[in-house]
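Chemist: Below is the file data36.tsv, which contains TSV, C-alpha atoms.
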```tsv
chain	number	residue	atom	x	y	z
A	1	MET	CA	-13.82	-1.89	-3.49
A	2	ILE	CA	-10.52	-1.23	-5.27
A	3	GLN	CA	-7.26	-0.49	-3.47
A	4	VAL	CA	-4.45	1.29	-5.28
A	5	VAL	CA	-0.81	1.56	-4.20
A	6	ALA	CA	1.23	3.98	-6.34
A	7	LYS	CA	4.80	3.98	-5.10
A	8	ALA	CA	7.39	6.45	-6.37
A	9	LEU	CA	11.09	7.01	-5.89
A	10	VAL	CA	11.30	10.79	-5.93
A	11	LYS	CA	14.48	12.65	-6.93
A	12	GLU	CA	16.07	13.67	-3.63
A	13	GLU	CA	16.24	17.40	-4.40
A	14	LYS	CA	12.64	17.41	-5.65
A	15	ILE	CA	10.84	16.03	-2.58
A	16	GLY	CA	9.44	19.42	-1.51
A	17	GLU	CA	8.19	20.20	-5.01
A	18	TYR	CA	6.71	16.70	-5.31
A	19	LYS	CA	4.71	17.22	-2.13
A	20	GLU	CA	3.34	20.55	-3.35
A	21	VAL	CA	2.07	19.10	-6.64
A	22	ALA	CA	0.75	16.05	-4.77
A	23	TYR	CA	-1.20	18.23	-2.32
A	24	THR	CA	-3.15	19.83	-5.19
A	25	LEU	CA	-3.81	16.39	-6.70
A	26	ILE	CA	-5.00	15.07	-3.32
A	27	GLU	CA	-7.32	17.99	-2.73
A	28	MET	CA	-8.99	17.64	-6.14
A	29	THR	CA	-9.08	13.84	-6.17
A	30	ARG	CA	-10.80	13.58	-2.79
A	31	LYS	CA	-13.76	15.43	-4.31
A	32	GLU	CA	-14.16	12.84	-7.08
A	33	LYS	CA	-17.12	10.50	-7.23
A	34	GLY	CA	-16.23	7.05	-5.91
A	35	CYS	CA	-13.08	8.15	-4.07
A	36	ILE	CA	-13.22	6.59	-0.59
A	37	SER	CA	-9.74	7.68	0.50
A	38	TYR	CA	-6.64	9.12	-1.14
A	39	GLU	CA	-3.59	9.58	1.05
A	40	LEU	CA	0.11	10.28	0.57
A	41	PHE	CA	2.75	8.52	2.67
A	42	GLN	CA	6.51	8.79	3.04
A	43	ASP	CA	8.81	5.91	3.93
A	44	ARG	CA	10.31	6.21	7.43
A	45	ASP	CA	13.72	4.93	6.31
A	46	ASP	CA	13.99	6.48	2.86
A	47	PRO	CA	12.18	9.83	2.46
A	48	ARG	CA	12.54	9.58	-1.34
A	49	ILE	CA	9.92	6.80	-1.32
A	50	MET	CA	6.53	8.50	-1.52
A	51	THR	CA	3.40	6.40	-1.97
A	52	PHE	CA	-0.22	7.16	-2.66
A	53	ILE	CA	-2.58	4.69	-1.00
A	54	GLU	CA	-6.04	5.02	-2.45
A	55	ARG	CA	-9.40	3.39	-2.02
A	56	TRP	CA	-12.03	3.56	-4.76
A	57	GLN	CA	-15.60	2.34	-4.85
A	58	ASP	CA	-15.08	0.36	-8.08
A	59	MET	CA	-12.97	0.19	-11.28
A	60	GLU	CA	-15.32	2.60	-13.04
A	61	SER	CA	-14.53	5.35	-10.50
A	62	LEU	CA	-10.80	4.69	-10.85
A	63	GLU	CA	-10.99	4.82	-14.64
A	64	GLU	CA	-12.83	8.14	-14.42
A	65	HIS	CA	-10.06	9.41	-12.12
A	66	PHE	CA	-7.45	8.55	-14.78
A	67	GLN	CA	-9.44	10.71	-17.22
A	68	ALA	CA	-9.91	13.68	-14.86
A	69	GLU	CA	-8.39	16.99	-15.97
A	70	HIS	CA	-6.40	17.42	-12.74
A	71	PHE	CA	-5.01	13.88	-13.10
A	72	LYS	CA	-3.94	14.50	-16.70
A	73	SER	CA	-2.26	17.82	-15.88
A	74	LEU	CA	-0.65	17.01	-12.50
A	75	VAL	CA	0.54	13.40	-12.90
A	76	PRO	CA	3.00	14.28	-15.72
A	77	GLN	CA	4.43	16.95	-13.38
A	78	LEU	CA	4.92	14.33	-10.66
A	79	LYS	CA	6.51	12.01	-13.22
A	80	ASP	CA	9.19	14.63	-13.99
A	81	LEU	CA	10.08	14.81	-10.29
A	82	ARG	CA	10.59	11.09	-9.74
A	83	GLN	CA	13.12	8.50	-10.84
A	84	SER	CA	10.75	5.57	-11.05
A	85	SER	CA	7.33	4.40	-10.00
A	86	GLU	CA	5.16	1.32	-9.74
A	87	LEU	CA	1.41	0.99	-9.66
A	88	ASN	CA	-0.62	-1.89	-8.26
A	89	ILE	CA	-4.38	-2.15	-8.44
A	90	TYR	CA	-5.72	-4.56	-5.84
A	91	GLU	CA	-8.86	-6.35	-4.79
A	92	LEU	CA	-9.52	-7.23	-1.17
A	93	VAL	CA	-8.93	-10.89	-0.30
A	94	LYS	CA	-9.62	-10.65	3.43
B	1	MET	CA	-0.24	6.39	12.86
B	2	ILE	CA	1.98	3.97	10.96
B	3	GLN	CA	1.06	2.49	7.59
B	4	VAL	CA	2.71	-0.74	6.43
B	5	VAL	CA	2.72	-2.18	2.91
B	6	ALA	CA	4.15	-5.71	2.74
B	7	LYS	CA	4.14	-6.86	-0.87
B	8	ALA	CA	4.96	-10.42	-1.87
B	9	LEU	CA	5.39	-12.31	-5.12
B	10	VAL	CA	3.92	-15.70	-4.22
B	11	LYS	CA	4.94	-18.91	-6.00
B	12	GLU	CA	2.14	-19.54	-8.50
B	13	GLU	CA	1.30	-23.04	-7.29
B	14	LYS	CA	1.32	-21.91	-3.65
B	15	ILE	CA	-1.26	-19.11	-3.79
B	16	GLY	CA	-4.01	-21.17	-2.10
B	17	GLU	CA	-1.69	-22.30	0.68
B	18	TYR	CA	-0.40	-18.74	1.11
B	19	LYS	CA	-3.94	-17.47	1.63
B	20	GLU	CA	-4.68	-20.12	4.24
B	21	VAL	CA	-1.62	-19.24	6.34
B	22	ALA	CA	-2.35	-15.55	5.84
B	23	TYR	CA	-5.93	-15.94	7.08
B	24	THR	CA	-4.69	-17.30	10.42
B	25	LEU	CA	-2.16	-14.48	10.68
B	26	ILE	CA	-4.86	-11.91	9.91
B	27	GLU	CA	-7.28	-13.30	12.47
B	28	MET	CA	-4.66	-13.26	15.24
B	29	THR	CA	-3.09	-9.93	14.28
B	30	ARG	CA	-6.39	-8.06	14.25
B	31	LYS	CA	-6.72	-8.85	17.96
B	32	GLU	CA	-3.37	-7.21	18.76
B	33	LYS	CA	-3.14	-3.99	20.73
B	34	GLY	CA	-2.58	-1.00	18.46
B	35	CYS	CA	-3.69	-2.76	15.25
B	36	ILE	CA	-6.09	-0.38	13.47
B	37	SER	CA	-6.47	-2.47	10.29
B	38	TYR	CA	-4.74	-5.46	8.73
B	39	GLU	CA	-5.94	-6.52	5.29
B	40	LEU	CA	-4.72	-8.79	2.51
B	41	PHE	CA	-5.03	-7.78	-1.15
B	42	GLN	CA	-4.38	-9.49	-4.48
B	43	ASP	CA	-3.26	-7.69	-7.64
B	44	ARG	CA	-5.98	-7.61	-10.34
B	45	ASP	CA	-3.48	-8.23	-13.14
B	46	ASP	CA	-1.08	-10.64	-11.49
B	47	PRO	CA	-2.64	-12.89	-8.82
B	48	ARG	CA	0.84	-13.88	-7.58
B	49	ILE	CA	1.20	-10.39	-6.11
B	50	MET	CA	-0.31	-10.48	-2.63
B	51	THR	CA	0.04	-7.51	-0.32
B	52	PHE	CA	-0.75	-6.85	3.30
B	53	ILE	CA	-1.84	-3.27	3.94
B	54	GLU	CA	-1.74	-2.52	7.64
B	55	ARG	CA	-2.43	0.41	9.89
B	56	TRP	CA	-0.89	0.61	13.36
B	57	GLN	CA	-1.34	3.11	16.14
B	58	ASP	CA	2.41	3.71	16.53
B	59	MET	CA	5.85	2.10	16.02
B	60	GLU	CA	5.68	0.51	19.46
B	61	SER	CA	2.58	-1.50	18.46
B	62	LEU	CA	4.25	-2.58	15.21
B	63	GLU	CA	7.40	-3.67	17.02
B	64	GLU	CA	5.29	-5.71	19.44
B	65	HIS	CA	3.60	-7.31	16.43
B	66	PHE	CA	7.00	-8.40	15.07
B	67	GLN	CA	7.63	-10.11	18.42
B	68	ALA	CA	4.23	-11.85	18.65
B	69	GLU	CA	4.26	-15.66	18.74
B	70	HIS	CA	1.88	-15.95	15.76
B	71	PHE	CA	4.07	-13.57	13.73
B	72	LYS	CA	7.22	-15.52	14.53
B	73	SER	CA	5.63	-18.88	13.65
B	74	LEU	CA	3.52	-17.92	10.59
B	75	VAL	CA	5.71	-15.41	8.74
B	76	PRO	CA	8.50	-17.96	8.07
B	77	GLN	CA	5.78	-20.24	6.58
B	78	LEU	CA	4.67	-17.41	4.27
B	79	LYS	CA	8.30	-16.79	3.35
B	80	ASP	CA	8.67	-20.37	2.10
B	81	LEU	CA	5.65	-19.87	-0.19
B	82	ARG	CA	6.86	-16.71	-1.91
B	83	GLN	CA	9.63	-15.82	-4.33
B	84	SER	CA	10.34	-12.36	-3.01
B	85	SER	CA	8.91	-9.63	-0.85
B	86	GLU	CA	9.35	-6.00	0.06
B	87	LEU	CA	8.32	-4.13	3.18
B	88	ASN	CA	7.72	-0.38	3.53
B	89	ILE	CA	6.88	1.34	6.78
B	90	TYR	CA	5.25	4.70	6.14
B	91	GLU	CA	4.18	7.84	7.91
B	92	LEU	CA	1.23	9.89	6.69
B	93	VAL	CA	2.18	13.04	4.81
B	94	LYS	CA	-1.32	14.16	3.87
```
Will you turn the file into structure tokens for me?

Modeler:
Amino acid sequence: MIQVVAKALVKEEKIGEYKEVAYTLIEMTRKEKGCISYELFQDRDDPRIMTFIERWQDMESLEEHFQAEHFKSLVPQLKDLRQSSELNIYELVK
Amino acid sequence: MIQVVAKALVKEEKIGEYKEVAYTLIEMTRKEKGCISYELFQDRDDPRIMTFIERWQDMESLEEHFQAEHFKSLVPQLKDLRQSSELNIYELVK
């Protein structure tokens, strides 16, 4: 099992637009093979911090996700709406 | 539902010790009221990055967790073993 945390600092005036693009990405990604869960969260203290928390069956599924058409068309749109982002790919310790 | 991501950069030579303290914290925390899940992950590319991903029923449960005896005794021990850390408390968007 692979756990992904993709944290973004979204431009304040773009939060609504970011959510809309993200919703399409979520809907399409949840149908992908090997996607266990794919959820979007917003920080309670700073609404500009929006984070995808994702669970994938294995690295192969995640790599296929990165190659999916919806990923390649929507993620650049999200990128334009945020100031910065960080991605961590994790394995379960306990 | 409240989602917590507590990401730490652990001192390289302290990773083993960090895990041991974390295991005790995990075991005790999972018994707490309102704890839905409490898991420890390690970054695939940088093993110094160790992150707790936690799910709580509500803010009240999380605040009780911060007051628990095991939290107050073990978290300062973890703090001594890491270089830096960041905590985000999230609400589900979608």

Chemist: Determine, counting all atoms listed in the file, which protein, DNA and RNA residues have an atom within 9 Å of an atom of Leu40 in chain B; residues of the same chain fewer than 6 positions away are not included. Present the result as a CSV table (one decimal) with C-alpha atoms, in the coordinates of the input.

Modeler:
```csv
chain,number,residue,atom,x,y,z
A,91,GLU,CA,-8.9,-6.4,-4.8
A,92,LEU,CA,-9.5,-7.2,-1.2
A,93,VAL,CA,-8.9,-10.9,-0.3
A,94,LYS,CA,-9.6,-10.6,3.4
B,19,LYS,CA,-3.9,-17.5,1.6
B,22,ALA,CA,-2.4,-15.6,5.8
B,23,TYR,CA,-5.9,-15.9,7.1
B,26,ILE,CA,-4.9,-11.9,9.9
B,50,MET,CA,-0.3,-10.5,-2.6
B,51,THR,CA,0.0,-7.5,-0.3
B,52,PHE,CA,-0.8,-6.8,3.3
B,53,ILE,CA,-1.8,-3.3,3.9
B,54,GLU,CA,-1.7,-2.5,7.6
```

Chemist: Given the choices B:Tyr18, B:Gln67, B:Thr24, B:Ile2, which gets closest to Ile36 in chain B if the distance is worked out from all atoms listed in the file?

Modeler: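 Checking each of B:Tyr18, B:Gln67, B:Thr24, B:Ile2 against Ile36 in chain B, counting all atoms listed in the file, the winner is B:Ile2.
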
Chemist: So, with only C-alpha atoms as the atoms that count, which of A:Glu69, A:Glu60, A:Glu20, A:Asp43 lies closest to Val4 in chain B?

Modeler: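 Looking only at the distances to Val4 in chain B, the closest residue turns out to be A:Asp43.
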
Chemist: Can you tell me, as an MDAnalysis selection string, what residues are no more than 12 Å from Glu63 in chain B when counting only C-alpha atoms, ignoring any on the same chain fewer than 3 positions away?

Modeler: chainID B and resid 2 4 32:35 56:60 66:68 71 89

Chemist: Rounded to one decimal in Å, what is the spacing between CA of Met28 in chain A and CA of Glu64 in chain A?

Modeler: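 So the answer is 13.2 Å.
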
Chemist: If we count only C-alpha atoms and set the cut-off at 6 Å, which residues sit around Gln83 in chain A, ignoring sequence neighbours fewer than 5 positions away in its own chain? Please answer as a list in words.

Modeler: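 The neighbour list is Leu9, Val10 and Lys11 of chain A.
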
Chemist: Could you check which of A:Gln77, A:Thr29, A:Ser61, A:Asn88 is closest to chain B, using only C-alpha atoms?

Modeler: A:Asn88

Chemist: Considering all atoms listed in the file, can you say which of B:Arg44, B:Lys7, B:Arg55, B:Lys31 comes closest to chain A?

Modeler: B:Arg44

Chemist: Which polymer residues have any atom within 9 Å of an atom of Val75 in chain A, counting all atoms listed in the file, with same-chain residues fewer than 3 positions away left out, as a VMD selection string?

Modeler: chain A and resid 21 to 22 25 70 to 72 78 to 80

Chemist: Provide the CA of Leu74 in chain B to CA of Glu17 in chain B distance in Å, to one decimal place.

Modeler: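 According to the coordinates, CA of Leu74 in chain B and CA of Glu17 in chain B are separated by 12.0 Å.
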
Chemist: Please measure the separation of CA of Ala8 in chain B and CA of Lys14 in chain A, giving the value in Å to one decimal.

Modeler: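 Atom-to-atom, CA of Ala8 in chain B and CA of Lys14 in chain A are spaced 29.1 Å apart.
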
Chemist: Of the candidates B:His65, B:Ile49, B:Gln42, B:Pro76, which one gets nearest to chain A if we count only C-alpha atoms?

Modeler: B:Gln42

Chemist: Calculated over all atoms listed in the file, which of the candidates A:Ala6, A:Ile15, A:Leu87, A:Leu62 has the smallest distance to Glu39 in chain A?

Modeler: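 Using all atoms listed in the file, the shortest distance to Glu39 in chain A belongs to A:Ala6.
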
Chemist: Work out where the centre of an axis-aligned box around every listed atom of range 67-79 of chain B lies and how long its edges are once 8 Å is added on each side; give both in Å to one decimal as JSON.

Modeler:
```
{"center_x": 5.2, "center_y": -15.2, "center_z": 11.0, "size_x": 22.6, "size_y": 26.1, "size_z": 31.4}
```
